[in-house]
file work01.txt (compact mmCIF, C-alpha atoms)
# COMPACT_ATOMS: atom_id res chain seq x y z
CA MET A 1 66.79 -218.80 74.03
CA TYR A 2 67.41 -222.11 72.25
CA LYS A 3 68.57 -225.37 73.78
CA ILE A 4 69.14 -228.44 71.66
CA THR A 5 69.30 -231.80 73.40
CA LYS A 6 70.77 -234.68 71.41
CA ALA A 7 69.47 -238.17 72.19
CA ASN A 8 72.65 -239.10 74.06
CA GLU A 9 72.52 -235.91 76.16
CA SER A 10 69.39 -236.69 78.15
CA TYR A 11 70.08 -237.36 81.80
CA LYS A 12 68.67 -239.79 84.31
CA TYR A 13 66.83 -238.59 87.40
CA GLU A 14 64.91 -240.22 90.24
CA ALA A 15 61.15 -239.66 90.14
CA PRO A 16 59.47 -240.09 93.55
CA GLY A 17 56.96 -242.95 93.77
CA HIS A 18 58.13 -244.60 90.52
CA PHE A 19 59.29 -248.23 90.24
CA ASP A 20 60.85 -250.42 87.54
CA VAL A 21 61.43 -247.39 85.34
CA ARG A 22 64.28 -245.28 83.99
CA THR A 23 63.25 -241.64 83.90
CA THR A 24 65.24 -239.29 81.69
CA ARG A 25 65.04 -235.54 81.28
CA LEU A 26 65.25 -234.11 77.77
CA HIS A 27 64.51 -230.47 78.61
CA ASP A 28 64.33 -228.88 82.03
CA ALA A 29 62.55 -225.54 82.38
CA ASP A 30 65.25 -224.34 84.78
CA ASP A 31 67.95 -224.78 82.10
CA VAL A 32 66.45 -222.02 79.95
CA GLY A 33 64.44 -219.95 82.41
CA GLY A 34 61.25 -221.36 80.90
CA SER A 35 58.21 -223.17 82.20
CA VAL A 36 58.01 -226.43 80.19
CA THR A 37 59.80 -229.63 81.23
CA LEU A 38 60.05 -232.64 78.90
CA GLY A 39 60.91 -236.13 80.04
CA LEU A 40 61.03 -239.62 78.56
CA SER A 41 60.23 -242.54 80.85
CA HIS A 42 61.14 -246.15 80.01
CA PHE A 43 58.92 -248.57 81.98
CA LEU A 44 59.63 -252.28 82.39
CA PRO A 45 56.59 -254.59 82.25
CA ASP A 46 54.58 -254.02 85.45
CA GLY A 47 56.62 -250.87 86.21
CA GLY A 48 54.82 -247.65 87.01
CA ALA A 49 54.14 -244.89 89.48
CA GLY A 50 51.91 -244.89 92.56
CA MET A 51 48.95 -242.57 93.08
CA ALA A 52 50.05 -238.95 93.46
CA VAL A 53 48.48 -235.53 93.06
CA ALA A 54 49.84 -233.53 90.11
CA GLN A 55 51.70 -230.41 91.21
CA LYS A 56 52.09 -229.37 87.57
CA GLU A 57 49.90 -229.64 84.49
CA LEU A 58 50.92 -232.89 82.76
CA ILE A 59 50.56 -234.55 79.39
CA TYR A 60 51.53 -238.21 78.99
CA TYR A 61 52.07 -239.40 75.39
CA ILE A 62 52.68 -243.10 74.74
CA ILE A 63 55.49 -243.68 72.26
CA GLU A 64 55.64 -247.48 72.60
CA GLY A 65 53.87 -250.14 74.61
CA GLU A 66 50.83 -249.99 76.86
CA MET A 67 50.35 -247.89 80.00
CA THR A 68 47.22 -247.99 82.14
CA VAL A 69 46.46 -244.72 83.89
CA THR A 70 44.15 -244.75 86.92
CA THR A 71 42.65 -241.46 88.09
CA ASP A 72 41.76 -240.51 91.66
CA ASP A 73 38.09 -241.33 90.97
CA GLY A 74 39.09 -244.97 90.31
CA ALA A 75 38.66 -244.90 86.52
CA SER A 76 41.36 -246.80 84.57
CA THR A 77 42.20 -246.38 80.90
CA ALA A 78 44.71 -248.37 78.85
CA LEU A 79 46.77 -246.10 76.61
CA HIS A 80 48.62 -247.43 73.57
CA LYS A 81 51.12 -246.05 71.06
CA GLY A 82 49.93 -242.62 69.92
CA ASP A 83 47.47 -242.13 72.81
CA SER A 84 47.79 -239.30 75.33
CA ILE A 85 46.19 -238.00 78.51
CA HIS A 86 46.07 -234.51 80.02
CA ILE A 87 46.20 -234.31 83.82
CA GLY A 88 45.29 -231.05 85.50
CA VAL A 89 46.98 -229.56 88.54
CA GLY A 90 45.57 -231.09 91.73
CA GLN A 91 44.34 -234.27 90.00
CA GLY A 92 45.48 -237.65 91.31
CA ARG A 93 46.76 -240.37 89.02
CA SER A 94 48.83 -243.54 88.94
CA CYS A 95 50.18 -245.48 85.97
CA ARG A 96 51.45 -248.97 85.24
CA ASN A 97 52.89 -250.75 82.23
CA THR A 98 50.22 -253.41 81.71
CA GLY A 99 51.79 -254.75 78.52
CA ILE A 100 54.21 -257.65 78.05
CA ALA A 101 57.04 -255.46 76.69
CA GLY A 102 58.73 -252.24 77.74
CA ALA A 103 56.81 -248.98 77.34
CA GLN A 104 58.03 -245.48 76.56
CA MET A 105 56.09 -242.43 77.70
CA LEU A 106 56.85 -238.82 76.85
CA VAL A 107 55.99 -236.52 79.77
CA VAL A 108 55.32 -232.79 79.36
CA ALA A 109 55.04 -230.78 82.59
CA CYS A 110 54.07 -227.12 83.01
CA PRO A 111 53.52 -225.17 86.23
CA PRO A 112 49.99 -224.03 87.04
CA LYS A 113 48.71 -220.74 85.62
CA PRO A 114 49.23 -217.85 88.00
CA GLU A 115 46.02 -216.76 89.69
call {"tool": "encode", "arguments": {"input": "work01.txt", "output": "structure tokens"}}
result
Amino acid sequence: MYKITKANESYKYEAPGHFDVRTTRLHDADDVGGSVTLGLSHFLPDGGAGMAVAQKELIYYIIEGEMTVTTDDGASTALHKGDSIHIGVGQGRSCRNTGIAGAQMLVVACPPKPE
């Protein structure tokens, strides 16, 4: 199955634990009976998401700006345009736009592998 999403066809959704951000969905796994979800988040300066445990495998890719990701072991890493991070299922993380301008982050989410 194919599903094309034009830039103006993404839709807004509320992401729990997020603040000062507009989260948009580009592709939803449920729309095509698949497993991959793709979102684009637009963070205001100092916007972010509180610490939460990943229920899905995640990849964050920074399109613009600066996002600092803090893992559940307390390590923090500033990510800039072109940087990415993989977060495994069951891993805790938080993120915050630590730059002075807006940041855009592409989010890829996949359910865990069946056991």
call {"tool": "atom_distance", "arguments": {"input": "work01.txt", "atom1": "atom CA of Arg25 of chain A", "atom2": "atom CA of Tyr2 of chain A"}}
result
16.4 Å
call {"tool": "residues_near_point", "arguments": {"input": "work01.txt", "point": "(46.5, -230.5, 94.6)", "cutoff": "12 Å", "atoms": "only C-alpha atoms", "output": "list in words"}}
result
Ala52, Val53, Ala54, Gln55, Lys56, Glu57, Asp72, Ile87, Gly88, Val89, Gly90, Gln91, Gly92, Arg93 and Pro112 of chain A
call {"tool": "residues_around", "arguments": {"input": "work01.txt", "residues": "Gly48 of chain A", "least_positions_apart": "4", "cutoff": "8 Å", "atoms": "all atoms listed in the file", "output": "PyMOL selection string"}}
result
chain A and resi 18-21+43+94-97
call {"tool": "residues_around", "arguments": {"input": "work01.txt", "residues": "His80 of chain A", "least_positions_apart": "3", "cutoff": "7 Å", "atoms": "only C-alpha atoms", "output": "VMD selection string"}}
result
chain A and resid 62 65 to 67 83
call {"tool": "closest_residue", "arguments": {"input": "work01.txt", "among": "A:Arg22, A:Lys3, A:Lys113, A:Lys81", "to": "Thr68 of chain A", "atoms": "all atoms listed in the file"}}
result
A:Lys81
call {"tool": "build_atoms", "arguments": {"input": "work01.txt", "residues": "segment 79-99 of chain A", "atoms": "N, CA and C atoms", "output": "short mmCIF file (atom, residue, chain, number, x, y, z; two decimals), in the coordinates of the input"}}
result
data_model
loop_
_atom_site.label_atom_id
_atom_site.label_comp_id
_atom_site.auth_asym_id
_atom_site.auth_seq_id
_atom_site.Cartn_x
_atom_site.Cartn_y
_atom_site.Cartn_z
N LEU A 79 46.29 -246.96 77.69
CA LEU A 79 46.77 -246.10 76.61
C LEU A 79 47.81 -246.86 75.81
N HIS A 80 47.71 -246.74 74.48
CA HIS A 80 48.62 -247.43 73.57
C HIS A 80 49.38 -246.41 72.73
N LYS A 81 50.30 -246.89 71.93
CA LYS A 81 51.12 -246.05 71.06
C LYS A 81 50.26 -244.99 70.37
N GLY A 82 50.65 -243.73 70.54
CA GLY A 82 49.93 -242.62 69.92
C GLY A 82 48.84 -242.01 70.79
N ASP A 83 48.49 -242.66 71.90
CA ASP A 83 47.47 -242.13 72.81
C ASP A 83 48.11 -241.16 73.79
N SER A 84 47.29 -240.25 74.34
CA SER A 84 47.79 -239.30 75.33
C SER A 84 46.70 -239.00 76.35
N ILE A 85 47.12 -238.44 77.47
CA ILE A 85 46.19 -238.00 78.51
C ILE A 85 46.70 -236.68 79.09
N HIS A 86 45.77 -235.77 79.35
CA HIS A 86 46.07 -234.51 80.02
C HIS A 86 45.63 -234.65 81.47
N ILE A 87 46.49 -234.24 82.39
CA ILE A 87 46.20 -234.31 83.82
C ILE A 87 46.34 -232.91 84.39
N GLY A 88 45.28 -232.40 84.96
CA GLY A 88 45.29 -231.05 85.50
C GLY A 88 45.95 -230.98 86.86
N VAL A 89 46.39 -229.80 87.23
CA VAL A 89 46.98 -229.56 88.54
C VAL A 89 45.97 -229.95 89.62
N GLY A 90 46.43 -230.67 90.63
CA GLY A 90 45.57 -231.09 91.73
C GLY A 90 44.84 -232.40 91.50
N GLN A 91 44.99 -233.00 90.31
CA GLN A 91 44.34 -234.27 90.00
C GLN A 91 45.27 -235.43 90.37
N GLY A 92 44.70 -236.47 90.95
CA GLY A 92 45.48 -237.65 91.31
C GLY A 92 45.51 -238.63 90.16
N ARG A 93 46.64 -239.35 90.04
CA ARG A 93 46.76 -240.37 89.02
C ARG A 93 47.87 -241.34 89.40
N SER A 94 47.76 -242.56 88.88
CA SER A 94 48.83 -243.54 88.94
C SER A 94 48.95 -244.14 87.55
N CYS A 95 50.05 -244.83 87.27
CA CYS A 95 50.18 -245.48 85.97
C CYS A 95 50.99 -246.75 86.13
N ARG A 96 50.75 -247.68 85.21
CA ARG A 96 51.45 -248.97 85.24
C ARG A 96 51.55 -249.51 83.82
N ASN A 97 52.72 -250.08 83.51
CA ASN A 97 52.89 -250.75 82.23
C ASN A 97 52.17 -252.09 82.32
N THR A 98 51.04 -252.20 81.67
CA THR A 98 50.22 -253.41 81.71
C THR A 98 50.47 -254.29 80.49
N GLY A 99 51.45 -253.95 79.69
CA GLY A 99 51.79 -254.75 78.52
C GLY A 99 52.82 -255.81 78.87
#
